[in-house]
>>> print(open('structure_37.cif').read())   # mmCIF, C-alpha atoms and all ligand atoms
data_model
#
loop_
_atom_site.label_atom_id
_atom_site.label_comp_id
_atom_site.auth_asym_id
_atom_site.auth_seq_id
_atom_site.Cartn_x
_atom_site.Cartn_y
_atom_site.Cartn_z
CA MET A 1 -13.72 19.72 -0.12
CA ILE A 2 -14.71 22.97 -1.78
CA PRO A 3 -11.79 25.39 -2.18
CA SER A 4 -12.19 28.62 -0.26
CA PRO A 5 -13.06 31.69 -2.29
CA GLN A 6 -10.50 33.62 -0.20
CA GLY A 7 -7.03 33.74 -1.70
CA PRO A 8 -5.03 35.54 -4.31
CA PRO A 9 -7.26 37.98 -6.19
CA SER A 10 -6.31 36.55 -9.54
CA THR A 11 -6.86 33.21 -11.23
CA THR A 12 -6.19 31.87 -14.67
CA VAL A 13 -8.31 29.24 -16.34
CA HIS A 14 -6.82 27.39 -19.30
CA VAL A 15 -8.99 26.49 -22.27
CA PRO A 16 -7.36 23.35 -23.74
CA LEU A 17 -7.71 23.46 -27.52
CA GLY A 18 -4.31 22.45 -28.89
CA ASP A 19 -2.83 25.29 -30.92
CA ARG A 20 -6.00 27.31 -30.30
CA SER A 21 -5.63 27.08 -26.50
CA TYR A 22 -5.88 30.28 -24.48
CA GLU A 23 -6.10 31.68 -20.96
CA ILE A 24 -8.99 33.33 -19.16
CA ASP A 25 -7.63 35.80 -16.58
CA ILE A 26 -10.06 36.45 -13.72
CA THR A 27 -9.14 39.25 -11.38
CA SER A 28 -10.22 42.54 -9.83
CA GLY A 29 -8.73 45.81 -11.06
CA LEU A 30 -7.28 44.49 -14.27
CA VAL A 31 -8.53 47.05 -16.75
CA GLU A 32 -5.62 49.41 -16.10
CA HIS A 33 -3.18 46.56 -16.73
CA ALA A 34 -5.04 45.16 -19.74
CA ALA A 35 -2.64 46.62 -22.31
CA ALA A 36 0.40 45.01 -20.63
CA ARG A 37 -1.32 41.61 -20.48
CA ILE A 38 -2.46 41.85 -24.10
CA HIS A 39 1.15 42.57 -25.12
CA GLU A 40 2.37 39.57 -23.18
CA VAL A 41 0.03 37.30 -25.14
CA ILE A 42 0.42 39.05 -28.51
CA PRO A 43 3.94 40.56 -28.52
CA ASP A 44 3.81 41.68 -32.18
CA LEU A 45 0.62 43.71 -31.71
CA SER A 46 0.79 47.05 -33.57
CA HIS A 47 -2.85 47.76 -34.44
CA ALA A 48 -5.76 47.19 -32.06
CA ILE A 49 -9.33 47.38 -33.32
CA VAL A 50 -11.44 48.08 -30.25
CA ILE A 51 -15.17 47.43 -30.68
CA ALA A 52 -17.12 48.46 -27.58
CA ASP A 53 -20.68 48.57 -26.36
CA LEU A 54 -21.75 52.21 -26.19
CA ALA A 55 -22.84 51.65 -22.56
CA VAL A 56 -19.30 50.76 -21.42
CA ASP A 57 -17.32 53.03 -23.71
CA GLU A 58 -16.87 55.25 -20.66
CA PRO A 59 -15.12 54.31 -18.49
CA TRP A 60 -13.97 50.81 -19.50
CA ALA A 61 -13.22 50.96 -23.25
CA ASN A 62 -11.72 54.39 -22.73
CA GLN A 63 -9.28 53.12 -20.11
CA ILE A 64 -8.32 50.12 -22.24
CA CYS A 65 -7.71 52.29 -25.33
CA GLU A 66 -5.66 54.74 -23.30
CA GLY A 67 -3.50 51.91 -21.96
CA LEU A 68 -3.01 50.50 -25.46
CA SER A 69 -2.11 53.80 -27.13
CA THR A 70 0.07 55.30 -24.39
CA GLY A 71 1.84 52.32 -22.82
CA SER A 72 5.51 51.57 -23.31
CA GLN A 73 4.64 49.46 -26.37
CA LYS A 74 2.44 52.08 -28.03
CA MET A 75 0.32 51.01 -30.94
CA ARG A 76 -2.27 52.36 -33.32
CA VAL A 77 -5.77 52.05 -31.90
CA SER A 78 -8.96 52.15 -33.98
CA ARG A 79 -12.04 52.45 -31.83
CA ARG A 80 -15.73 52.19 -32.53
CA THR A 81 -18.85 51.88 -30.40
CA VAL A 82 -21.94 49.85 -31.18
CA PRO A 83 -25.39 50.54 -29.66
CA SER A 84 -26.32 48.22 -26.77
CA GLY A 85 -28.80 45.44 -27.38
CA GLU A 86 -29.67 42.49 -29.58
CA PRO A 87 -30.59 44.55 -32.73
CA SER A 88 -26.85 45.32 -33.13
CA LYS A 89 -26.20 41.62 -33.76
CA SER A 90 -27.26 42.01 -37.39
CA ILE A 91 -25.80 41.41 -40.84
CA ALA A 92 -26.08 45.19 -41.45
CA GLU A 93 -23.95 46.07 -38.38
CA PHE A 94 -21.50 43.28 -39.24
CA GLU A 95 -21.06 44.68 -42.77
CA GLN A 96 -20.58 48.25 -41.49
CA LEU A 97 -17.91 47.05 -39.07
CA LEU A 98 -16.03 45.14 -41.78
CA ASN A 99 -16.02 48.23 -44.02
CA TRP A 100 -14.84 50.35 -41.12
CA VAL A 101 -11.99 47.93 -40.30
CA LEU A 102 -10.92 48.13 -43.95
CA GLU A 103 -11.03 51.96 -43.89
CA GLU A 104 -8.94 51.92 -40.72
CA GLY A 105 -6.22 50.03 -42.56
CA GLY A 106 -6.80 46.74 -40.78
CA ASP A 107 -4.74 43.81 -42.00
CA ARG A 108 -3.88 40.24 -41.02
CA ARG A 109 -1.76 41.44 -38.08
CA SER A 110 -4.49 43.62 -36.55
CA VAL A 111 -6.19 42.36 -33.41
CA VAL A 112 -9.88 42.85 -32.56
CA VAL A 113 -10.61 43.69 -28.92
CA ALA A 114 -14.26 43.25 -27.90
CA VAL A 115 -15.36 45.27 -24.86
CA GLY A 116 -18.95 44.58 -23.84
CA GLY A 117 -21.50 41.85 -23.22
CA GLY A 118 -22.55 38.90 -25.34
CA VAL A 119 -23.85 40.97 -28.23
CA ILE A 120 -20.54 42.78 -28.71
CA GLY A 121 -18.45 39.64 -28.15
CA ASP A 122 -20.44 37.66 -30.73
CA LEU A 123 -20.48 40.50 -33.27
CA ALA A 124 -16.84 41.60 -32.89
CA GLY A 125 -15.76 37.95 -32.78
CA TYR A 126 -17.50 37.31 -36.10
CA VAL A 127 -15.76 40.37 -37.57
CA ALA A 128 -12.45 38.89 -36.35
CA ALA A 129 -13.36 35.48 -37.78
CA SER A 130 -14.22 36.96 -41.18
CA PHE A 131 -11.87 39.86 -41.89
CA THR A 132 -9.17 38.58 -44.27
CA ARG A 133 -10.42 35.07 -43.33
CA GLY A 134 -9.62 35.54 -39.68
CA ILE A 135 -7.56 37.79 -37.41
CA ARG A 136 -6.67 37.57 -33.74
CA PHE A 137 -9.24 38.44 -31.14
CA ILE A 138 -9.43 39.36 -27.45
CA GLN A 139 -12.54 39.28 -25.30
CA ILE A 140 -12.99 41.75 -22.44
CA PRO A 141 -16.50 40.88 -21.22
CA THR A 142 -18.32 43.51 -19.17
CA THR A 143 -21.46 41.61 -18.15
CA LEU A 144 -21.62 38.63 -15.80
CA LEU A 145 -23.38 36.61 -18.49
CA ALA A 146 -20.58 37.24 -20.98
CA MET A 147 -17.93 36.49 -18.33
CA VAL A 148 -19.30 33.05 -17.51
CA ASP A 149 -20.62 32.04 -20.89
CA SER A 150 -20.45 33.87 -24.21
CA SER A 151 -16.88 35.22 -24.04
CA VAL A 152 -15.49 31.69 -23.61
CA GLY A 153 -15.64 28.96 -26.23
CA GLY A 154 -15.42 30.76 -29.55
CA LYS A 155 -19.04 30.97 -30.65
CA THR A 156 -19.35 34.13 -32.76
CA GLY A 157 -22.07 35.36 -35.07
CA VAL A 158 -25.14 37.45 -35.76
CA ASN A 159 -28.90 36.93 -35.92
CA LEU A 160 -31.13 36.65 -38.96
CA PRO A 161 -34.43 38.57 -38.65
CA GLY A 162 -36.32 35.38 -37.78
CA ALA A 163 -33.62 33.29 -36.12
CA LYS A 164 -31.16 34.02 -33.34
CA ASN A 165 -27.49 33.06 -33.80
CA MET A 166 -28.21 31.49 -37.18
CA VAL A 167 -25.09 32.83 -38.95
CA GLY A 168 -21.60 32.68 -37.51
CA ALA A 169 -18.34 30.87 -37.00
CA PHE A 170 -16.38 29.11 -34.30
CA TRP A 171 -13.46 31.47 -33.75
CA GLN A 172 -11.54 31.20 -30.51
CA PRO A 173 -10.17 34.31 -28.79
CA ASN A 174 -6.43 34.52 -27.99
CA LEU A 175 -7.20 35.78 -24.48
CA VAL A 176 -10.18 36.52 -22.25
CA LEU A 177 -9.72 39.24 -19.62
CA ILE A 178 -12.30 39.24 -16.85
CA ASP A 179 -12.24 42.05 -14.29
CA THR A 180 -14.94 41.75 -11.62
CA GLU A 181 -14.63 45.48 -10.88
CA VAL A 182 -16.23 46.16 -14.24
CA LEU A 183 -19.42 44.65 -12.80
CA SER A 184 -19.73 47.66 -10.46
CA THR A 185 -21.33 49.66 -13.29
CA LEU A 186 -23.60 46.85 -14.50
CA PRO A 187 -27.35 47.49 -13.88
CA GLU A 188 -28.84 45.23 -11.19
CA ARG A 189 -31.24 43.35 -13.45
CA SER A 190 -28.49 42.49 -15.94
CA PHE A 191 -26.18 41.35 -13.13
CA LEU A 192 -28.81 39.04 -11.61
CA SER A 193 -29.63 37.68 -15.05
CA GLY A 194 -26.01 36.50 -15.37
CA LEU A 195 -26.40 34.46 -12.18
CA ALA A 196 -28.80 32.13 -14.01
CA GLU A 197 -25.91 30.82 -16.14
CA VAL A 198 -23.80 30.41 -12.98
CA VAL A 199 -26.54 28.29 -11.38
CA LYS A 200 -26.71 26.31 -14.64
CA TYR A 201 -23.11 25.09 -14.18
CA GLY A 202 -24.00 23.76 -10.73
CA VAL A 203 -26.96 21.80 -12.07
CA ILE A 204 -25.27 20.38 -15.17
CA ASP A 205 -21.81 19.57 -13.83
CA ASP A 206 -21.00 20.31 -10.22
CA ALA A 207 -23.22 19.48 -7.23
CA GLU A 208 -20.61 20.85 -4.78
CA PHE A 209 -20.58 24.17 -6.57
CA PHE A 210 -24.39 24.17 -6.44
CA ALA A 211 -24.16 23.73 -2.65
CA TRP A 212 -21.57 26.52 -2.47
CA LEU A 213 -23.97 28.79 -4.38
CA GLU A 214 -26.77 27.93 -1.94
CA THR A 215 -24.56 29.08 0.95
CA ASN A 216 -23.11 32.14 -0.80
CA SER A 217 -25.98 33.59 -2.83
CA LYS A 218 -26.22 36.64 -0.55
CA ALA A 219 -22.53 37.50 -1.02
CA LEU A 220 -22.89 37.10 -4.77
CA ILE A 221 -25.90 39.37 -4.93
CA ALA A 222 -23.94 41.94 -2.92
CA ARG A 223 -21.23 41.61 -5.65
CA ASP A 224 -18.56 40.62 -3.16
CA SER A 225 -15.36 40.48 -5.25
CA ALA A 226 -13.88 37.28 -3.79
CA SER A 227 -17.16 35.38 -4.10
CA LEU A 228 -17.67 36.64 -7.63
CA ARG A 229 -14.16 35.66 -8.67
CA TYR A 230 -14.70 32.19 -7.30
CA ALA A 231 -18.12 31.75 -8.97
CA ILE A 232 -16.75 33.02 -12.31
CA GLN A 233 -13.69 30.78 -11.99
CA VAL A 234 -15.71 27.60 -11.40
CA SER A 235 -18.13 28.53 -14.18
CA CYS A 236 -15.26 29.19 -16.64
CA GLN A 237 -13.50 25.96 -15.58
CA CYS A 238 -16.63 24.01 -16.39
CA LYS A 239 -17.12 25.77 -19.71
CA ALA A 240 -13.42 25.38 -20.63
CA ARG A 241 -13.58 21.63 -19.89
CA VAL A 242 -16.71 21.11 -21.97
CA VAL A 243 -15.43 23.24 -24.88
CA GLY A 244 -12.09 21.40 -24.72
CA GLU A 245 -13.97 18.12 -25.15
CA ASP A 246 -16.34 19.23 -27.91
CA GLU A 247 -15.27 22.52 -29.45
CA ARG A 248 -17.72 22.48 -32.35
CA GLU A 249 -20.70 20.82 -30.68
CA THR A 250 -20.32 17.65 -32.70
CA THR A 251 -20.32 14.94 -30.01
CA GLY A 252 -23.23 16.31 -27.99
CA ARG A 253 -21.04 17.09 -24.96
CA ARG A 254 -21.08 20.87 -25.53
CA ALA A 255 -24.86 20.80 -25.85
CA ILE A 256 -25.10 20.29 -22.05
CA LEU A 257 -24.36 24.02 -21.81
CA ASN A 258 -27.77 24.56 -23.35
CA TYR A 259 -29.65 23.27 -20.30
CA GLY A 260 -32.90 25.27 -20.14
CA HIS A 261 -32.05 27.11 -23.34
CA THR A 262 -34.50 25.47 -25.76
CA PHE A 263 -37.35 26.61 -23.52
CA ALA A 264 -35.59 29.95 -22.90
CA HIS A 265 -35.23 30.79 -26.61
CA ALA A 266 -38.93 30.05 -27.13
CA ILE A 267 -39.84 32.20 -24.11
CA GLU A 268 -37.71 35.08 -25.41
CA ALA A 269 -39.12 34.85 -28.92
CA THR A 270 -42.77 34.64 -27.87
CA ALA A 271 -42.55 37.20 -25.08
CA GLY A 272 -41.03 39.62 -27.60
CA TYR A 273 -37.26 40.07 -27.52
CA GLY A 274 -36.31 42.52 -24.81
CA LYS A 275 -39.19 41.79 -22.40
CA LEU A 276 -37.13 39.25 -20.50
CA LEU A 277 -33.35 39.31 -20.27
CA HIS A 278 -31.65 36.17 -21.57
CA GLY A 279 -30.67 34.94 -18.09
CA GLU A 280 -34.22 35.48 -16.82
CA ALA A 281 -35.54 33.33 -19.67
CA VAL A 282 -32.84 30.72 -18.91
CA SER A 283 -33.95 30.67 -15.27
CA ILE A 284 -37.55 29.91 -16.26
CA GLY A 285 -36.32 27.51 -18.99
CA MET A 286 -34.33 25.50 -16.43
CA GLN A 287 -37.48 25.22 -14.32
CA MET A 288 -39.41 23.89 -17.32
CA ALA A 289 -36.61 21.44 -18.11
CA ALA A 290 -36.53 20.19 -14.49
CA ARG A 291 -40.33 19.74 -14.54
CA LEU A 292 -40.05 17.83 -17.81
CA ALA A 293 -37.37 15.60 -16.25
CA ILE A 294 -39.66 14.84 -13.29
CA ASP A 295 -42.57 14.10 -15.63
CA LEU A 296 -40.37 11.61 -17.52
CA GLY A 297 -39.25 9.96 -14.28
CA LEU A 298 -35.62 11.06 -14.75
CA THR A 299 -35.32 13.00 -11.52
CA ASN A 300 -37.20 13.90 -8.36
CA GLU A 301 -38.92 16.89 -6.78
CA THR A 302 -35.94 17.60 -4.50
CA LEU A 303 -33.83 18.75 -7.44
CA LEU A 304 -36.58 21.07 -8.64
CA GLN A 305 -37.11 22.43 -5.12
CA ARG A 306 -33.39 23.18 -4.60
CA GLN A 307 -33.13 24.76 -8.04
CA THR A 308 -36.26 26.86 -7.38
CA ASP A 309 -34.92 28.00 -4.01
CA LEU A 310 -31.49 28.94 -5.40
CA LEU A 311 -32.92 30.83 -8.38
CA THR A 312 -35.32 32.64 -6.03
CA ALA A 313 -32.42 33.50 -3.70
CA CYS A 314 -30.69 34.97 -6.76
CA GLN A 315 -33.83 37.07 -7.33
CA LEU A 316 -34.52 35.38 -10.65
CA PRO A 317 -37.98 34.53 -12.04
CA THR A 318 -38.97 30.86 -11.77
CA ARG A 319 -42.34 31.10 -13.53
CA PHE A 320 -43.67 32.80 -16.62
CA PRO A 321 -47.43 33.39 -16.38
CA GLU A 322 -47.74 34.22 -20.12
CA ALA A 323 -46.02 31.00 -21.26
CA ASP A 324 -48.10 29.64 -24.14
CA PRO A 325 -47.28 26.18 -25.49
CA ALA A 326 -49.15 26.95 -28.73
CA THR A 327 -46.72 29.73 -29.64
CA MET A 328 -43.63 28.31 -27.94
CA LEU A 329 -43.65 24.87 -29.60
CA PRO A 330 -43.27 26.12 -33.21
CA VAL A 331 -40.26 28.19 -32.09
CA MET A 332 -38.77 25.17 -30.34
CA MET A 333 -39.15 23.12 -33.51
CA ARG A 334 -37.00 25.69 -35.35
CA ASP A 335 -34.29 25.50 -32.68
CA LYS A 336 -30.89 24.36 -33.98
CA LYS A 337 -30.97 21.47 -31.50
CA VAL A 338 -34.02 19.90 -33.16
CA ALA A 339 -32.91 16.78 -35.03
CA HIS A 340 -35.03 15.80 -38.02
CA GLY A 341 -38.21 17.21 -36.54
CA LYS A 342 -37.76 15.63 -33.08
CA LEU A 343 -37.48 17.79 -29.97
CA ARG A 344 -34.36 17.13 -27.91
CA PHE A 345 -33.58 18.43 -24.45
CA ILE A 346 -30.80 18.50 -21.91
CA LEU A 347 -32.48 17.22 -18.74
CA PRO A 348 -31.14 16.77 -15.20
CA THR A 349 -31.07 13.35 -13.60
CA ARG A 350 -29.53 14.60 -10.32
CA LEU A 351 -27.66 17.74 -9.29
CA GLY A 352 -24.42 17.86 -11.30
CA LYS A 353 -25.60 15.42 -13.95
CA VAL A 354 -27.66 15.91 -17.12
CA GLU A 355 -28.64 13.73 -20.06
CA PHE A 356 -29.50 14.41 -23.69
CA VAL A 357 -33.08 13.18 -24.16
CA GLY A 358 -34.52 13.00 -27.66
CA ASP A 359 -37.67 11.89 -29.43
CA LEU A 360 -40.01 13.39 -26.87
CA GLU A 361 -43.78 13.42 -26.81
CA GLU A 362 -45.07 16.93 -27.42
CA ALA A 363 -47.63 16.44 -24.65
CA ALA A 364 -44.90 16.14 -21.99
CA VAL A 365 -43.29 19.37 -23.21
CA VAL A 366 -46.67 21.12 -23.09
CA ARG A 367 -47.20 19.92 -19.50
CA ALA A 368 -43.78 21.25 -18.45
CA ILE A 369 -44.61 24.66 -19.92
CA GLN A 370 -48.06 24.74 -18.33
CA ALA A 371 -46.66 23.76 -14.93
CA SER A 372 -44.31 26.75 -15.04
CA ARG A 373 -46.96 29.45 -15.45
N1 LIG B 1 -23.58 29.04 -24.68
C1 LIG B 1 -23.42 27.71 -25.08
C2 LIG B 1 -22.11 27.39 -25.74
O1 LIG B 1 -21.24 28.23 -25.75
O2 LIG B 1 -21.94 26.34 -26.26
#
>>> encode(input="structure_37.cif", output="structure tokens")
Amino acid sequence: MIPSPQGPPSTTVHVPLGDRSYEIDITSGLVEHAAARIHEVIPDLSHAIVIADLAVDEPWANQICEGLSTGSQKMRVSRRTVPSGEPSKSIAEFEQLLNWVLEEGGDRRSVVVAVGGGVIGDLAGYVAASFTRGIRFIQIPTTLLAMVDSSVGGKTGVNLPGAKNMVGAFWQPNLVLIDTEVLSTLPERSFLSGLAEVVKYGVIDDAEFFAWLETNSKALIARDSASLRYAIQVSCQCKARVVGEDERETTGRRAILNYGHTFAHAIEATAGYGKLLHGEAVSIGMQMAARLAIDLGLTNETLLQRQTDLLTACQLPTRFPEADPATMLPVMMRDKKVAHGKLRFILPTRLGKVEFVGDLEEAAVVRAIQASR
């Protein structure tokens, strides 16, 4: 029986990581109470280092900073904005931020608060992981994609000019605060792009959730708060479970979160970063992965059809006419998930179940790309 999305407008998901465990609060209208909640989790907080995406500085980072500096447990707040977009996830920006934290008198007791999407969370998280060998860190994600994926699980880092996410650290936040009201200012295309990662959880881990998404896609697209809270909750529960089982991606379990992503990274790189949003590339990548699974006899057309229909209902692309195996394959070979020159993929066997498949024929991968044009 699928729990009803109606109910109290606040949920907490626990990420079970021993002494690095933390809570993800999912609610609506939390920003004004963020300071109080942060104090509850970090009672000795006296210096907050707020790093925000320029696009959400007003109103969200502003409100959070105001709460932190004027609340009953006032503290010193250092605040800095970073331009939106992937180019900010660079060594140069990382270095500037570290120097700024030093100038602001940051020390081991300071706490980094990231306010933004995946770029800001990864960048600010890496600053937190590195400054004086690691300080505490709070994620306040402002995009759907960051809420259901990048803000949870402790992956932090920056890009190298030729390779995404190549430098970084696992550094878990002390708290993740998710307020669905923040999504009201998120541009439509970015919002829809986040839904691709939500659909991903249904395919990789939870057939009932997939069915719930099929029934509720309209409410989600309309950004209905209760439906969004429920979808974010189930997504975070899945991610928390997987991260709890394989924090550092050593057993292969965490790699299931990369369903569709090997294709997606190659699509993003060859289309030119910025042409497709990450979630859009993931949507097409999942289609390629499902086609590859059918080609290998691992699953059937019904799975692909249901996935296509749900992604289409979420107004996501399911094909990429410019997909070119000749340019995509070399990128895929550089992917971190390539083991000793062999392509490896997370492929669905049925809804809610995926397998790690290695040692694949290049020809099958080429066919999956060609079939998705
Ligand atoms: N986004 C995949 C992971 O966090 O492992």
>>> axis_aligned_box(input="structure_37.cif", around="ligand LIG 1 (chain B)", padding_each_side="5 Å", output="lines of an AutoDock Vina configuration file")
center_x = -22.4
center_y = 27.7
center_z = -25.5
size_x = 12.3
size_y = 12.7
size_z = 11.6
>>> residues_near_ligand(input="structure_37.cif", ligand="ligand LIG 1 (chain B)", cutoff="7 Å", atoms="all atoms listed in the file", output="list in words")
Asp149, Ser150, Gly153, Lys155, Arg254, Ala255, Leu257 and Asn258 of chain A
>>> closest_atom_pairs(input="structure_37.cif", of="segment 89-177 of chain A", to="segment 231-248 of chain A", cutoff="12 Å", atoms="all atoms listed in the file", output="JSON lines")
{"residue": "A:Pro141", "atom": "CA", "partner": "A:Ile232", "partner_atom": "CA", "distance": 11.9}
{"residue": "A:Thr143", "atom": "CA", "partner": "A:Ile232", "partner_atom": "CA", "distance": 11.4}
{"residue": "A:Leu144", "atom": "CA", "partner": "A:Ile232", "partner_atom": "CA", "distance": 8.2}
{"residue": "A:Leu145", "atom": "CA", "partner": "A:Ile232", "partner_atom": "CA", "distance": 9.7}
{"residue": "A:Ala146", "atom": "CA", "partner": "A:Ile232", "partner_atom": "CA", "distance": 10.4}
{"residue": "A:Met147", "atom": "CA", "partner": "A:Ile232", "partner_atom": "CA", "distance": 7.0}
{"residue": "A:Val148", "atom": "CA", "partner": "A:Cys236", "partner_atom": "CA", "distance": 5.7}
{"residue": "A:Asp149", "atom": "CA", "partner": "A:Lys239", "partner_atom": "CA", "distance": 7.3}
{"residue": "A:Ser150", "atom": "CA", "partner": "A:Lys239", "partner_atom": "CA", "distance": 9.8}
{"residue": "A:Ser151", "atom": "CA", "partner": "A:Cys236", "partner_atom": "CA", "distance": 9.7}
{"residue": "A:Val152", "atom": "CA", "partner": "A:Lys239", "partner_atom": "CA", "distance": 7.3}
{"residue": "A:Gly153", "atom": "CA", "partner": "A:Val243", "partner_atom": "CA", "distance": 5.9}
{"residue": "A:Gly154", "atom": "CA", "partner": "A:Glu247", "partner_atom": "CA", "distance": 8.2}
{"residue": "A:Lys155", "atom": "CA", "partner": "A:Arg248", "partner_atom": "CA", "distance": 8.8}
{"residue": "A:Thr156", "atom": "CA", "partner": "A:Arg248", "partner_atom": "CA", "distance": 11.8}
{"residue": "A:Ala169", "atom": "CA", "partner": "A:Arg248", "partner_atom": "CA", "distance": 9.6}
{"residue": "A:Phe170", "atom": "CA", "partner": "A:Arg248", "partner_atom": "CA", "distance": 7.0}
{"residue": "A:Trp171", "atom": "CA", "partner": "A:Arg248", "partner_atom": "CA", "distance": 10.0}
{"residue": "A:Gln172", "atom": "CA", "partner": "A:Glu247", "partner_atom": "CA", "distance": 9.5}
{"residue": "A:Val176", "atom": "CA", "partner": "A:Cys236", "partner_atom": "CA", "distance": 10.5}
{"residue": "A:Leu177", "atom": "CA", "partner": "A:Cys236", "partner_atom": "CA", "distance": 11.9}
>>> atom_distance(input="structure_37.cif", atom1="atom CA of Thr11 of chain A", atom2="atom CA of Asp179 of chain A")
10.8 Å
>>> residues_around(input="structure_37.cif", residues="Ile91 of chain A", least_positions_apart="4", cutoff="8 Å", atoms="only C-alpha atoms", output="MDAnalysis selection string")
chainID A and resid 95 158:160
>>> residues_around(input="structure_37.cif", residues="segment 56-72 of chain A", least_positions_apart="3", cutoff="10 Å", atoms="all atoms listed in the file", output="ChimeraX atom specification")
/A:30-36,38-39,45-53,75-82,84,113-117,140,142-143,182,185-186
>>> closest_residue(input="structure_37.cif", among="A:Ile294, A:Ala289, A:Met333, A:Val111", to="Leu175 of chain A", atoms="all atoms listed in the file")
A:Val111
>>> decode(input="structure_37.cif", residues="segment 81-86 of chain A", atoms="all heavy atoms", output="compact mmCIF listing (two decimals), in the first residue's frame")
# COMPACT_ATOMS: atom_id res chain seq x y z
N THR A 81 28.19 35.42 -2.75
CA THR A 81 27.45 34.78 -3.84
C THR A 81 28.42 34.30 -4.91
O THR A 81 29.50 34.84 -5.08
CB THR A 81 26.44 35.75 -4.50
OG1 THR A 81 27.13 36.93 -4.88
CG2 THR A 81 25.30 36.10 -3.57
N VAL A 82 27.97 33.29 -5.62
CA VAL A 82 28.75 32.69 -6.70
C VAL A 82 27.86 32.70 -7.94
O VAL A 82 26.66 32.39 -7.83
CB VAL A 82 29.14 31.23 -6.32
CG1 VAL A 82 29.80 30.52 -7.47
CG2 VAL A 82 30.03 31.22 -5.08
N PRO A 83 28.41 33.05 -9.12
CA PRO A 83 27.56 33.06 -10.33
C PRO A 83 26.94 31.68 -10.59
O PRO A 83 27.58 30.65 -10.35
CB PRO A 83 28.53 33.44 -11.45
CG PRO A 83 29.71 34.06 -10.78
CD PRO A 83 29.78 33.48 -9.39
N SER A 84 25.72 31.67 -11.10
CA SER A 84 25.03 30.41 -11.41
C SER A 84 25.79 29.67 -12.52
O SER A 84 26.39 30.29 -13.38
CB SER A 84 23.62 30.69 -11.92
OG SER A 84 22.93 31.49 -11.02
N GLY A 85 25.69 28.37 -12.51
CA GLY A 85 26.17 27.59 -13.65
C GLY A 85 27.46 26.83 -13.40
O GLY A 85 28.25 27.15 -12.51
N GLU A 86 27.62 25.80 -14.22
CA GLU A 86 28.73 24.84 -14.10
C GLU A 86 30.12 25.48 -14.09
O GLU A 86 31.00 25.00 -13.35
CB GLU A 86 28.59 23.85 -15.28
CG GLU A 86 29.23 22.51 -15.11
CD GLU A 86 28.64 21.63 -14.00
OE1 GLU A 86 27.44 21.73 -13.69
OE2 GLU A 86 29.42 20.84 -13.45
